[in-house]
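Data first, discussion second: the structure below is written as structure tokens.
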Amino acid sequence: MDTASRCDPHFPNPRLSFWLSALVLTMTWSSSVTESAAPIQLRGEVGGKVTFRCPVAKQRTHIFLYLQRGDIFVNGYHVKNISRPPWENTRVDDDKTTIHMYNLDMSHSGDYRCVIRYSDSATQVVETTIHLAVTATYSKPALTVQCSDENRHFSCQVTCASHGGYPGTEVMWNVSGSQMWKVVNSSEMSNPNTMLVSSSSTTYINCSNGGPMSLSCFLGNITSDTIRVCERGKPKDPSDYTNPYVILAICAVVVVSVLAVLLLWWKHKEGQTRSEDIPLREVEPLNENKEGIDAS
């Protein structure tokens, strides 16, 4: 009978039954030990702070509450003392369910776990995943302009640059005017230490097709000042670029002023020369005694 039982395909193998039972028990035990809640999304900015609020059931008493990153202990509460040191930039609130994190930097981005055990369940642990996304605000975009008028071909290059942001964001342009323009270069460079990004873009403008052009750039909701380019004889800012017509006008004024000064000096010199050429006539002094004798 034993032999027939072992050969019967419908009769369960004792060893196989043992391992299947163990597997079922293991799966059942695992599901009862850990209960996972829906992930929570959390956002913070570099240099700022965030608050981790672990979802604790108010009607139940928890034995411990840990905030972890992977297997690394961040901070938490236990009815007994906790031997593991917390992160220096964290603090547990008085309610023993809230953990504050300060002085954020890019390295704090990632997934965290709230691990909770209640007093009415000796084995069950409730876990909640909290994803922290740390961002950084870009500086206000700055515009620099370089224009040239070589071979009667007037053109400008405008560069927009912004620094210290995260995540990487492409510079966008807002342009109004009839000139032909195109983006000739764009870049995003990340600092290996801070992970912060510097973003820039350069556009080329052909100013030969019309009048002035207005433009600005932006990253997300941060916009630069609006400037005007392709204005002949009237540059927006002398420090940005030099207009050749302004230089010609200044030179003309200087030449006219010098000629006027020379003309006045020449007239003054000519007047002095004429006064020196006129002969002086001698006047005989009046003899009062002689006039008196003749009168008598």
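Simple scheme: letters A, B, ... for chains in structure tokens order, numbers from 1 for residues in each chain, numbers from 1 for ligands in the order shown.
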Note to self: From a backbone DSSP assignment, name each residue in segment 31-172 of chain A labelled strand (DSSP E), as a ChimeraX atom specification.
What the structure shows: /A:34-45,50-53,62-69,72-78,90-92,98-101,110-118,125-135,142-150,153-165,172
For segment 64-168 of chain A against segment 189-207 of chain A, with a cut-off of 7 Å and counting only C-alpha atoms, what is the closest atom pair and its distance in Å to one decimal for every residue that makes the cut, ordered by chain and number, as JSON lines?
{"residue": "A:Met106", "atom": "CA", "partner": "A:Met195", "partner_atom": "CA", "distance": 6.5}
{"residue": "A:Phe154", "atom": "CA", "partner": "A:Cys207", "partner_atom": "CA", "distance": 5.3}
{"residue": "A:Ser155", "atom": "CA", "partner": "A:Asn206", "partner_atom": "CA", "distance": 4.7}
{"residue": "A:Cys156", "atom": "CA", "partner": "A:Ile205", "partner_atom": "CA", "distance": 5.2}
{"residue": "A:Gln157", "atom": "CA", "partner": "A:Tyr204", "partner_atom": "CA", "distance": 4.6}
{"residue": "A:Val158", "atom": "CA", "partner": "A:Thr203", "partner_atom": "CA", "distance": 5.4}
{"residue": "A:Thr159", "atom": "CA", "partner": "A:Thr202", "partner_atom": "CA", "distance": 4.2}
{"residue": "A:Cys160", "atom": "CA", "partner": "A:Ser201", "partner_atom": "CA", "distance": 5.4}
{"residue": "A:Ala161", "atom": "CA", "partner": "A:Ser200", "partner_atom": "CA", "distance": 4.2}
{"residue": "A:Ser162", "atom": "CA", "partner": "A:Ser199", "partner_atom": "CA", "distance": 5.5}
{"residue": "A:His163", "atom": "CA", "partner": "A:Ser198", "partner_atom": "CA", "distance": 4.2}
{"residue": "A:Gly164", "atom": "CA", "partner": "A:Leu196", "partner_atom": "CA", "distance": 5.2}
{"residue": "A:Gly165", "atom": "CA", "partner": "A:Val197", "partner_atom": "CA", "distance": 5.1}
{"residue": "A:Tyr166", "atom": "CA", "partner": "A:Leu196", "partner_atom": "CA", "distance": 5.6}
{"residue": "A:Gly168", "atom": "CA", "partner": "A:Val197", "partner_atom": "CA", "distance": 5.9}
Would you put the residues from that selection into a file with N, CA, C and O atoms, as a short mmCIF file (atom, residue, chain, number, x, y, z; two decimals), in the first residue's frame?
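Printed below is part39.cif as written:
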data_model
loop_
_atom_site.label_atom_id
_atom_site.label_comp_id
_atom_site.auth_asym_id
_atom_site.auth_seq_id
_atom_site.Cartn_x
_atom_site.Cartn_y
_atom_site.Cartn_z
N MET A 106 19.93 68.44 -1.38
CA MET A 106 19.49 67.49 -2.40
C MET A 106 19.67 66.03 -1.96
O MET A 106 18.97 65.14 -2.43
N PHE A 154 23.71 93.83 -39.46
CA PHE A 154 23.46 94.11 -38.05
C PHE A 154 22.81 92.87 -37.41
O PHE A 154 21.78 92.39 -37.85
N SER A 155 23.44 92.35 -36.35
CA SER A 155 22.92 91.17 -35.66
C SER A 155 23.26 91.24 -34.18
O SER A 155 24.14 92.00 -33.76
N CYS A 156 22.54 90.44 -33.38
CA CYS A 156 22.75 90.41 -31.93
C CYS A 156 22.70 88.97 -31.43
O CYS A 156 21.97 88.13 -31.98
N GLN A 157 23.47 88.71 -30.38
CA GLN A 157 23.39 87.46 -29.65
C GLN A 157 22.99 87.78 -28.21
O GLN A 157 23.62 88.60 -27.55
N VAL A 158 21.94 87.11 -27.74
CA VAL A 158 21.43 87.33 -26.39
C VAL A 158 21.54 86.02 -25.61
O VAL A 158 21.09 84.98 -26.08
N THR A 159 22.16 86.10 -24.43
CA THR A 159 22.33 84.91 -23.58
C THR A 159 21.51 85.07 -22.31
O THR A 159 21.55 86.12 -21.66
N CYS A 160 20.77 84.03 -21.97
CA CYS A 160 19.99 83.98 -20.73
C CYS A 160 20.61 82.94 -19.82
O CYS A 160 20.87 81.81 -20.24
N ALA A 161 20.86 83.30 -18.55
CA ALA A 161 21.51 82.38 -17.61
C ALA A 161 20.82 82.45 -16.25
O ALA A 161 20.46 83.53 -15.78
N SER A 162 20.66 81.29 -15.62
CA SER A 162 20.09 81.19 -14.28
C SER A 162 20.82 80.09 -13.53
O SER A 162 21.29 79.11 -14.13
N HIS A 163 20.92 80.23 -12.19
CA HIS A 163 21.77 79.34 -11.41
C HIS A 163 21.04 78.82 -10.17
O HIS A 163 20.04 79.38 -9.72
N GLY A 164 21.60 77.74 -9.62
CA GLY A 164 21.20 77.25 -8.30
C GLY A 164 19.83 76.63 -8.22
O GLY A 164 19.17 76.71 -7.18
N GLY A 165 19.36 75.97 -9.29
CA GLY A 165 18.05 75.36 -9.27
C GLY A 165 18.09 73.85 -9.32
O GLY A 165 19.12 73.23 -9.58
N TYR A 166 16.93 73.24 -9.04
CA TYR A 166 16.78 71.79 -9.17
C TYR A 166 15.29 71.47 -9.19
O TYR A 166 14.52 72.08 -8.44
N GLY A 168 16.81 69.97 -13.16
CA GLY A 168 17.24 70.65 -14.37
C GLY A 168 16.06 71.13 -15.18
O GLY A 168 15.10 70.38 -15.40
#
Note to self: Which residue is closest to Ser109 of chain A? Choose from A:Gly44, A:Gly211, A:Gly177, A:Pro39 and count only C-alpha atoms.
What the structure shows: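 Nearest candidate to Ser109 of chain A out of A:Gly44, A:Gly211, A:Gly177, A:Pro39: A:Gly44.
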Next item on the list: Tell me, as a list in words, which residues lie within 7 Å of segment 216-223 of chain A, counting only C-alpha atoms; anything in the same chain fewer than 2 positions away does not count.
Entry: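 Counting only the stated atoms, we get Lys140, Pro141, Cys160, Thr169, Glu170, Val171, Met172, Trp173, Asn174, Val175, Asp225, Thr226 and Ile227 of chain A.
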For C-alpha atoms, I'd like the residues from the last selection saved as an mmCIF file, in the first residue's frame.
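Result went into again.cif, see below:
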data_model
loop_
_atom_site.group_PDB
_atom_site.id
_atom_site.type_symbol
_atom_site.label_atom_id
_atom_site.label_comp_id
_atom_site.auth_asym_id
_atom_site.auth_seq_id
_atom_site.Cartn_x
_atom_site.Cartn_y
_atom_site.Cartn_z
ATOM 1 C CA LYS A 140 16.106 85.317 -11.672
ATOM 2 C CA PRO A 141 17.358 84.836 -15.247
ATOM 3 C CA CYS A 160 19.991 83.985 -20.730
ATOM 4 C CA THR A 169 15.024 72.985 -16.385
ATOM 5 C CA GLU A 170 15.395 74.202 -19.950
ATOM 6 C CA VAL A 171 15.501 77.937 -20.663
ATOM 7 C CA MET A 172 12.564 79.103 -22.772
ATOM 8 C CA TRP A 173 12.266 82.322 -24.817
ATOM 9 C CA ASN A 174 9.464 84.833 -25.239
ATOM 10 C CA VAL A 175 10.147 86.888 -28.391
ATOM 11 C CA ASP A 225 13.347 91.406 -17.403
ATOM 12 C CA THR A 226 12.222 92.319 -20.932
ATOM 13 C CA ILE A 227 14.793 94.016 -23.159
#
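Taking atom CA of His62 of chain A and atom CA of Asp95 of chain A as the two end points, the separation is 11.5 Å.
Shortest separation to Arg53 of chain A among A:Asp71, A:Glu188, A:Asp93, A:Glu88 occurs at residue A:Asp93, atoms counted being only C-alpha atoms.
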Next item on the list: Would you work out the distance separating atom CA of Ala142 of chain A from atom CA of Arg228 of chain A, expressed in Å to one decimal?
Entry: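 If I compute the distance from atom CA of Ala142 of chain A to atom CA of Arg228 of chain A, I get 14.0 Å.
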Margin query: When you look at Lys96 of chain A with a cut-off of 8 Å (counting only C-alpha atoms), what residues show up, excluding the ones that are within fewer than 2 positions of it in the same chain? I need them as a VMD selection string.
Written below: chain A and resid 65 76 to 77 92 to 94 98 to 99
Write the residues of the preceding selection, restricted to C-alpha atoms, as a JSON list (two decimals), in the first residue's frame.
[["chain", "number", "residue", "atom", "x", "y", "z"],
["A", 65, "LEU", "CA", 7.14, 54.75, 15.58],
["A", 76, "GLY", "CA", 11.34, 58.12, 16.07],
["A", 77, "TYR", "CA", 9.63, 57.20, 19.31],
["A", 92, "VAL", "CA", 10.25, 64.33, 17.05],
["A", 93, "ASP", "CA", 7.21, 66.41, 17.91],
["A", 94, "ASP", "CA", 5.43, 66.15, 21.27],
["A", 98, "THR", "CA", 5.36, 63.86, 13.71],
["A", 99, "ILE", "CA", 9.00, 64.24, 12.72]]
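You will find atom CA of Ile116 of chain A at 15.4 Å from atom CA of Ile72 of chain A.
Shell of Trp87 of chain A at 10 Å, with only C-alpha atoms counted and residues fewer than 5 places along the chain excluded, is Ile72, Phe73, Val74, Asn75 and Met101 of chain A.
Using only C-alpha atoms for every distance, the candidate list A:Arg69, A:Lys269, A:Lys49, A:Arg152 yields A:Lys49 as the residue closest to Thr90 of chain A.
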